[in-house]
>>> print(open('input32.txt').read())   # compact mmCIF, C-alpha atoms and all ligand atoms
# COMPACT_ATOMS: atom_id res chain seq x y z
CA MET A 1 10.06 -75.93 -38.63
CA THR A 2 10.06 -72.35 -37.37
CA THR A 3 7.35 -71.50 -39.89
CA LEU A 4 5.21 -74.39 -38.74
CA ARG A 5 5.70 -73.42 -35.12
CA SER A 6 4.81 -69.79 -35.77
CA ARG A 7 1.76 -70.87 -37.77
CA ILE A 8 0.62 -73.04 -34.85
CA GLY A 9 1.21 -70.03 -32.58
CA GLU A 10 -0.95 -67.83 -34.81
CA VAL A 11 -3.79 -70.34 -34.87
CA ARG A 12 -3.59 -70.73 -31.10
CA GLN A 13 -3.68 -66.94 -30.68
CA GLN A 14 -6.71 -66.54 -32.94
CA PHE A 15 -8.51 -69.30 -31.06
CA LEU A 16 -7.68 -67.95 -27.61
CA CYS A 17 -8.70 -64.43 -28.59
CA SER A 18 -12.07 -65.66 -29.85
CA VAL A 19 -13.24 -67.96 -27.02
CA HIS A 20 -14.65 -67.04 -23.59
CA SER A 21 -14.43 -63.32 -24.24
CA ARG A 22 -15.89 -60.81 -21.81
CA SER A 23 -16.32 -57.62 -23.74
CA VAL A 24 -16.75 -54.03 -22.75
CA THR A 25 -16.68 -51.11 -25.12
CA LEU A 26 -14.24 -48.27 -24.88
CA GLU A 27 -16.96 -45.89 -26.15
CA ASP A 28 -15.48 -42.41 -26.46
CA GLN A 29 -13.25 -42.68 -23.37
CA GLY A 30 -9.93 -43.26 -25.11
CA PRO A 31 -7.19 -42.85 -25.95
CA PHE A 32 -5.11 -44.26 -23.09
CA VAL A 33 -1.71 -45.79 -22.60
CA SER A 34 -0.78 -48.02 -19.64
CA PHE A 35 2.72 -48.98 -18.59
CA CYS A 36 2.94 -52.41 -16.91
CA PHE A 37 5.78 -54.18 -15.17
CA ASP A 38 5.55 -57.96 -14.80
CA ASP A 39 7.19 -60.10 -12.05
CA PHE A 40 9.01 -56.90 -11.50
CA PRO A 41 12.52 -56.45 -10.23
CA ARG A 42 13.36 -53.48 -8.03
CA SER A 43 14.56 -51.38 -10.97
CA ALA A 44 11.03 -51.35 -12.42
CA TYR A 45 9.88 -49.43 -9.39
CA LEU A 46 13.03 -47.58 -8.32
CA ALA A 47 13.86 -46.29 -11.82
CA GLY A 48 10.66 -46.84 -13.84
CA GLY A 49 8.21 -45.88 -11.10
CA ALA A 50 10.16 -42.77 -10.16
CA LEU A 51 10.21 -41.68 -13.80
CA LEU A 52 6.45 -42.14 -14.21
CA LYS A 53 5.82 -40.27 -10.98
CA SER A 54 8.04 -37.38 -12.06
CA TYR A 55 5.68 -36.93 -15.04
CA GLY A 56 2.61 -37.17 -12.80
CA ALA A 57 1.84 -40.64 -14.16
CA ARG A 58 1.46 -44.08 -12.57
CA GLY A 59 2.09 -47.68 -13.62
CA THR A 60 0.65 -51.14 -12.99
CA TYR A 61 2.91 -53.61 -11.21
CA TYR A 62 1.97 -57.28 -11.59
CA ALA A 63 3.54 -59.01 -8.61
CA ALA A 64 4.47 -62.66 -8.09
CA LEU A 65 5.21 -62.54 -4.37
CA GLY A 66 6.94 -65.92 -4.40
CA LEU A 67 9.85 -64.15 -6.11
CA MET A 68 10.23 -61.59 -3.34
CA ASN A 69 13.84 -61.11 -2.11
CA THR A 70 15.26 -63.33 -4.84
CA ARG A 71 17.52 -62.46 -7.74
CA ASN A 72 17.26 -63.60 -11.35
CA GLU A 73 18.22 -62.44 -14.83
CA LEU A 74 15.96 -59.40 -14.38
CA GLY A 75 18.06 -58.29 -11.39
CA ASP A 76 17.10 -58.01 -7.72
CA GLN A 77 13.45 -58.88 -7.36
CA LEU A 78 10.91 -56.87 -5.40
CA ARG A 79 11.22 -56.41 -1.66
CA ARG A 80 8.58 -55.84 0.96
CA GLU A 81 9.38 -52.14 1.24
CA ASP A 82 8.94 -51.72 -2.53
CA ILE A 83 5.39 -53.05 -2.27
CA ASP A 84 4.55 -50.45 0.38
CA SER A 85 6.19 -47.64 -1.61
CA ILE A 86 4.46 -48.62 -4.84
CA LEU A 87 1.08 -48.22 -3.15
CA THR A 88 2.07 -45.04 -1.32
CA ASP A 89 3.13 -43.53 -4.65
CA GLY A 90 -0.28 -44.31 -6.14
CA HIS A 91 0.78 -47.06 -8.54
CA GLU A 92 -1.38 -50.13 -8.98
CA LEU A 93 -0.53 -53.64 -7.74
CA GLY A 94 -1.83 -56.42 -9.93
CA CYS A 95 -1.35 -60.15 -9.46
CA HIS A 96 0.72 -62.53 -11.55
CA THR A 97 0.35 -65.89 -9.71
CA PHE A 98 2.42 -66.56 -6.57
CA SER A 99 5.20 -68.72 -8.02
CA HIS A 100 5.35 -67.33 -11.55
CA PHE A 101 4.35 -70.65 -13.10
CA SER A 102 3.67 -71.12 -16.76
CA CYS A 103 0.34 -72.92 -17.22
CA ARG A 104 2.11 -75.08 -19.79
CA ARG A 105 4.47 -76.50 -17.18
CA VAL A 106 2.31 -77.40 -14.19
CA PRO A 107 -0.98 -79.27 -13.69
CA ARG A 108 -4.08 -77.16 -14.09
CA SER A 109 -5.17 -77.52 -10.45
CA LEU A 110 -1.77 -76.39 -9.19
CA TYR A 111 -1.83 -73.40 -11.53
CA GLU A 112 -5.30 -72.35 -10.43
CA SER A 113 -4.43 -72.63 -6.75
CA ASP A 114 -1.26 -70.62 -7.36
CA VAL A 115 -3.34 -67.84 -8.94
CA ARG A 116 -5.51 -67.73 -5.79
CA LYS A 117 -2.44 -67.93 -3.55
CA GLY A 118 -0.78 -65.00 -5.33
CA ARG A 119 -3.84 -62.81 -4.98
CA GLU A 120 -4.40 -63.77 -1.36
CA ALA A 121 -0.74 -63.10 -0.47
CA ILE A 122 -0.98 -59.53 -1.80
CA ARG A 123 -4.29 -58.99 -0.03
CA LYS A 124 -2.86 -60.23 3.28
CA MET A 125 0.29 -58.16 2.94
CA THR A 126 -1.29 -54.89 1.86
CA GLY A 127 -5.00 -55.04 2.58
CA VAL A 128 -5.53 -54.25 -1.12
CA ASP A 129 -7.28 -56.79 -3.34
CA PRO A 130 -5.38 -56.97 -6.64
CA VAL A 131 -8.22 -57.54 -9.08
CA ASN A 132 -6.22 -57.26 -12.28
CA PHE A 133 -4.13 -60.23 -13.35
CA SER A 134 -1.53 -60.97 -16.00
CA TYR A 135 -0.52 -64.42 -17.23
CA PRO A 136 3.13 -65.33 -16.58
CA TYR A 137 4.91 -65.65 -19.95
CA GLY A 138 1.58 -64.72 -21.53
CA HIS A 139 0.69 -68.43 -21.49
CA VAL A 140 -3.02 -69.13 -21.28
CA THR A 141 -5.46 -71.86 -22.26
CA ALA A 142 -9.14 -71.66 -23.18
CA HIS A 143 -10.07 -73.27 -19.85
CA LEU A 144 -7.99 -70.81 -17.85
CA LYS A 145 -9.24 -67.86 -19.84
CA LYS A 146 -12.74 -68.80 -18.72
CA MET A 147 -11.96 -69.77 -15.12
CA ILE A 148 -9.50 -67.01 -14.17
CA GLY A 149 -11.56 -64.52 -16.15
CA MET A 150 -14.49 -65.17 -13.82
CA GLN A 151 -12.36 -64.41 -10.76
CA MET A 152 -10.57 -61.25 -11.86
CA ASN A 153 -11.65 -57.85 -13.05
CA SER A 154 -9.26 -58.29 -15.97
CA CYS A 155 -6.64 -60.70 -17.29
CA ARG A 156 -3.83 -59.48 -19.50
CA GLY A 157 -1.80 -61.49 -21.96
CA ILE A 158 1.04 -60.63 -24.29
CA TYR A 159 -0.74 -60.75 -27.62
CA ALA A 160 0.20 -57.55 -29.38
CA GLY A 161 -2.17 -54.91 -30.65
CA LEU A 162 -4.48 -52.21 -29.41
CA ASN A 163 -7.51 -52.62 -27.22
CA THR A 164 -10.00 -50.70 -29.29
CA LEU A 165 -13.77 -50.63 -29.61
CA LYS A 166 -14.47 -54.00 -28.00
CA ILE A 167 -12.10 -54.80 -25.18
CA ASP A 168 -11.81 -58.42 -24.05
CA LEU A 169 -11.41 -58.22 -20.28
CA ASN A 170 -10.41 -61.89 -20.22
CA LEU A 171 -7.40 -61.32 -22.47
CA LEU A 172 -6.28 -57.73 -22.73
CA ARG A 173 -3.81 -57.10 -25.51
CA ALA A 174 -0.36 -55.81 -24.58
CA ASN A 175 2.87 -54.94 -26.35
CA SER A 176 6.41 -55.50 -25.16
CA LEU A 177 8.57 -52.47 -24.43
CA TYR A 178 12.03 -53.95 -24.62
CA GLY A 179 15.47 -52.63 -25.49
CA ASP A 180 17.05 -49.23 -25.79
CA ILE A 181 16.20 -45.87 -27.35
CA ASP A 182 16.65 -47.28 -30.87
CA ARG A 183 13.27 -49.00 -30.34
CA LEU A 184 11.54 -45.68 -29.75
CA PRO A 185 10.29 -45.26 -33.35
CA ASP A 186 8.39 -48.58 -33.09
CA ALA A 187 6.93 -47.59 -29.74
CA LYS A 188 5.95 -44.15 -31.07
CA ALA A 189 4.17 -45.80 -34.00
CA LEU A 190 2.03 -47.74 -31.50
CA LEU A 191 1.41 -44.64 -29.38
CA ASN A 192 0.41 -42.74 -32.50
CA GLU A 193 -1.95 -45.52 -33.55
CA SER A 194 -3.59 -45.46 -30.14
CA LEU A 195 -4.08 -41.71 -30.48
CA LYS A 196 -5.54 -42.00 -33.97
CA GLN A 197 -7.89 -44.86 -33.10
CA ARG A 198 -8.72 -43.46 -29.65
CA GLY A 199 -7.80 -46.89 -28.33
CA TRP A 200 -6.04 -48.28 -25.29
CA LEU A 201 -2.41 -49.21 -25.70
CA ILE A 202 -0.82 -51.38 -23.03
CA PHE A 203 2.94 -51.71 -22.79
CA TYR A 204 4.63 -54.29 -20.60
CA THR A 205 8.24 -54.67 -19.60
CA HIS A 206 10.27 -56.00 -16.68
CA ASP A 207 13.59 -54.44 -15.58
CA VAL A 208 14.37 -50.77 -16.26
CA ARG A 209 18.11 -50.11 -16.25
CA GLN A 210 21.17 -49.16 -18.23
CA ASN A 211 21.87 -52.65 -19.55
CA PRO A 212 18.49 -54.33 -19.37
CA SER A 213 17.83 -58.02 -19.78
CA ARG A 214 16.21 -59.05 -23.05
CA PHE A 215 12.89 -58.65 -21.23
CA GLY A 216 13.51 -55.12 -20.02
CA CYS A 217 14.18 -51.62 -21.29
CA THR A 218 16.34 -48.61 -20.61
CA LEU A 219 15.11 -45.57 -18.75
CA ALA A 220 15.69 -43.59 -21.97
CA LEU A 221 13.21 -45.75 -23.92
CA LEU A 222 10.61 -45.56 -21.16
CA GLU A 223 11.07 -41.80 -20.86
CA GLY A 224 10.80 -41.39 -24.64
CA CYS A 225 7.37 -43.06 -24.53
CA VAL A 226 6.13 -41.25 -21.44
CA SER A 227 7.16 -37.82 -22.69
CA TRP A 228 5.73 -38.48 -26.18
CA ALA A 229 2.40 -39.51 -24.65
CA ILE A 230 2.22 -36.39 -22.50
CA GLU A 231 3.27 -34.01 -25.29
CA ASN A 232 0.64 -35.48 -27.59
CA GLY A 233 -2.25 -35.58 -25.12
CA LEU A 234 -2.36 -39.36 -24.74
CA ARG A 235 -3.54 -40.03 -21.21
CA ILE A 236 -1.35 -42.32 -19.11
CA ALA A 237 -3.41 -44.42 -16.71
CA THR A 238 -3.10 -47.64 -14.75
CA VAL A 239 -5.09 -50.68 -15.86
CA ARG A 240 -7.41 -50.16 -12.90
CA GLU A 241 -8.02 -46.50 -13.76
CA VAL A 242 -8.86 -47.29 -17.38
CA LEU A 243 -11.21 -50.10 -16.39
CA ASP A 244 -12.93 -47.98 -13.74
CA THR A 245 -13.65 -45.36 -16.40
CA VAL A 246 -14.70 -47.85 -19.05
CA GLN A 247 -16.91 -49.94 -16.76
CA ARG A 248 -18.61 -46.82 -15.39
CA THR A 249 -19.36 -45.67 -18.92
CA ASN A 250 -20.64 -49.12 -19.93
CA MET A 251 -22.96 -49.19 -16.91
CA GLN A 252 -24.30 -45.74 -17.76
CA SER A 253 -24.95 -46.59 -21.40
CA HIS A 254 -26.59 -49.84 -20.34
CA ALA A 255 -28.84 -47.94 -17.94
CA THR A 256 -29.72 -45.41 -20.67
CA PHE A 257 -30.47 -48.22 -23.09
CA ALA A 258 -32.64 -50.04 -20.54
CA SER A 259 -34.62 -46.92 -19.61
CA SER A 260 -35.22 -46.07 -23.27
CA ARG A 261 -36.79 -49.45 -24.01
ZN ZN A 301 6.01 -62.68 -15.66
>>> encode(input="input32.txt", output="structure tokens")
Amino acid sequence: MTTLRSRIGEVRQQFLCSVHSRSVTLEDQGPFVSFCFDDFPRSAYLAGGALLKSYGARGTYYAALGLMNTRNELGDQLRREDIDSILTDGHELGCHTFSHFSCRRVPRSLYESDVRKGREAIRKMTGVDPVNFSYPYGHVTAHLKKMIGMQMNSCRGIYAGLNTLKIDLNLLRANSLYGDIDRLPDAKALLNESLKQRGWLIFYTHDVRQNPSRFGCTLALLEGCVSWAIENGLRIATVREVLDTVQRTNMQSHATFASSR
């Protein structure tokens, strides 16, 4: 049964990765690594954000504002003052729906309006338009990949792997960063692969604390990755920073191509 389910999952993943793609090329801009925090609890900013900042790096925080001031298994969720501090510190705010719905659990129209509501709520609160989106639970359908992809600068899932030569802006690949320091060898293998392939590695996690939930990591694991990246010349950048660089380069090469025709 498990095998059948995982096989169905694989087929679904292959299908979703192949349809409605919006590709840009990384050209020679890599390698990069981005650290993302989804529906983030306070610890992601207070511990994780402070750590990144102490290394001169920044992260991308995908916010579901409907969770503000609540508490769940990830710990205390974001507060208003965290949002302000995140921006003041130079991190990026991305959007992650308003209510943190899975598209598998609610009608399509409700999901799509919740995506708009989440983005609008951040824009109203901060004056900043969060143009990069991540799918709650990584759940996505072909229809949503097309529709949400048209509205956002990028959409990120949770399908593992590197974003290499051709990057699909409608379904960026990302890898979980969960657990304690004993997971560092696995994370270093991914970092090393990104370096070798000059690709873009995206990590995502949730809480950052001593005893993290099964969706979070310890500060030691995060620090192990950040320090490895810096020691090995792997540039740490937010999703927005990477895409600004990549899209600028793509526009330039397009212009060069057009003028040479
Ligand atoms: Zn989430």
>>> closest_residue(input="input32.txt", among="A:Gly75, A:Gly127, A:Pro136, A:Gly9", to="Ala63 (chain A)", atoms="all atoms listed in the file")
A:Pro136
>>> atom_distance(input="input32.txt", atom1="CA of Leu221 (chain A)", atom2="CA of Leu177 (chain A)")
8.2 Å
>>> atom_distance(input="input32.txt", atom1="CA of Gln13 (chain A)", atom2="CA of Pro185 (chain A)")
25.9 Å
>>> residues_near_ligand(input="input32.txt", ligand="ligand ZN 301 (chain A)", cutoff="10 Å", atoms="all atoms listed in the file", output="number ranges by chain")
A: 37-40, 62-64, 95-97, 99-102, 134-139, 204-206, 215
>>> write_last_selection(input="input32.txt", atoms="C-alpha atoms", output="compact mmCIF listing (two decimals), in the frame of the given file")
# COMPACT_ATOMS: atom_id res chain seq x y z
CA PHE A 37 5.78 -54.18 -15.17
CA ASP A 38 5.55 -57.96 -14.80
CA ASP A 39 7.19 -60.10 -12.05
CA PHE A 40 9.01 -56.90 -11.50
CA TYR A 62 1.97 -57.28 -11.59
CA ALA A 63 3.54 -59.01 -8.61
CA ALA A 64 4.47 -62.66 -8.09
CA CYS A 95 -1.35 -60.15 -9.46
CA HIS A 96 0.72 -62.53 -11.55
CA THR A 97 0.35 -65.89 -9.71
CA SER A 99 5.20 -68.72 -8.02
CA HIS A 100 5.35 -67.33 -11.55
CA PHE A 101 4.35 -70.65 -13.10
CA SER A 102 3.67 -71.12 -16.76
CA SER A 134 -1.53 -60.97 -16.00
CA TYR A 135 -0.52 -64.42 -17.23
CA PRO A 136 3.13 -65.33 -16.58
CA TYR A 137 4.91 -65.65 -19.95
CA GLY A 138 1.58 -64.72 -21.53
CA HIS A 139 0.69 -68.43 -21.49
CA TYR A 204 4.63 -54.29 -20.60
CA THR A 205 8.24 -54.67 -19.60
CA HIS A 206 10.27 -56.00 -16.68
CA PHE A 215 12.89 -58.65 -21.23
>>> residues_around(input="input32.txt", residues="region 228-241 of chain A", least_positions_apart="2", cutoff="6 Å", atoms="all atoms listed in the file", output="list in words")
Phe32, Val33, Ser34, Gly59, Thr60, Cys225, Val226, Leu243 and Asp244 of chain A
>>> closest_residue(input="input32.txt", among="A:Ile148, A:Ser6, A:Ile202, A:Met68", to="Ala160 (chain A)", atoms="all atoms listed in the file")
A:Ile202
>>> closest_residue(input="input32.txt", among="A:Val246, A:Asn69, A:His91, A:Gly48", to="Ala220 (chain A)", atoms="only C-alpha atoms")
A:Gly48
>>> closest_residue(input="input32.txt", among="A:Tyr45, A:Phe133, A:Tyr111, A:Tyr55", to="Ser85 (chain A)", atoms="all atoms listed in the file")
A:Tyr45
>>> residues_around(input="input32.txt", residues="Ser18 (chain A)", least_positions_apart="4", cutoff="10 Å", atoms="all atoms listed in the file", output="ChimeraX atom specification")
/A:12-14,142,168,171
>>> write_last_selection(input="input32.txt", atoms="C-alpha atoms", output="compact mmCIF listing (two decimals), in the frame of the given file")
# COMPACT_ATOMS: atom_id res chain seq x y z
CA ARG A 12 -3.59 -70.73 -31.10
CA GLN A 13 -3.68 -66.94 -30.68
CA GLN A 14 -6.71 -66.54 -32.94
CA ALA A 142 -9.14 -71.66 -23.18
CA ASP A 168 -11.81 -58.42 -24.05
CA LEU A 171 -7.40 -61.32 -22.47
>>> residues_near_point(input="input32.txt", point="(2.3, -50.3, -1.5)", cutoff="12 Å", atoms="all atoms listed in the file", output="ChimeraX atom specification")
/A:45,60-61,63,78-94,122-123,125-130
>>> residues_near_point(input="input32.txt", point="(-9.6, -65.7, -20.2)", cutoff="8 Å", atoms="all atoms listed in the file", output="JSON, numbers by chain")
{"A": [16, 20, 21, 140, 141, 142, 143, 144, 145, 146, 147, 148, 149, 155, 169, 170, 171]}
>>> atom_distance(input="input32.txt", atom1="CA of Ser54 (chain A)", atom2="CA of Gly224 (chain A)")
13.5 Å
>>> closest_residue(input="input32.txt", among="A:Gln247, A:Gln197, A:Cys217, A:Met152", to="Thr25 (chain A)", atoms="only C-alpha atoms")
A:Gln247
>>> closest_residue(input="input32.txt", among="A:Thr164, A:Ser176, A:Asn211, A:Thr218", to="Glu73 (chain A)", atoms="all atoms listed in the file")
A:Asn211
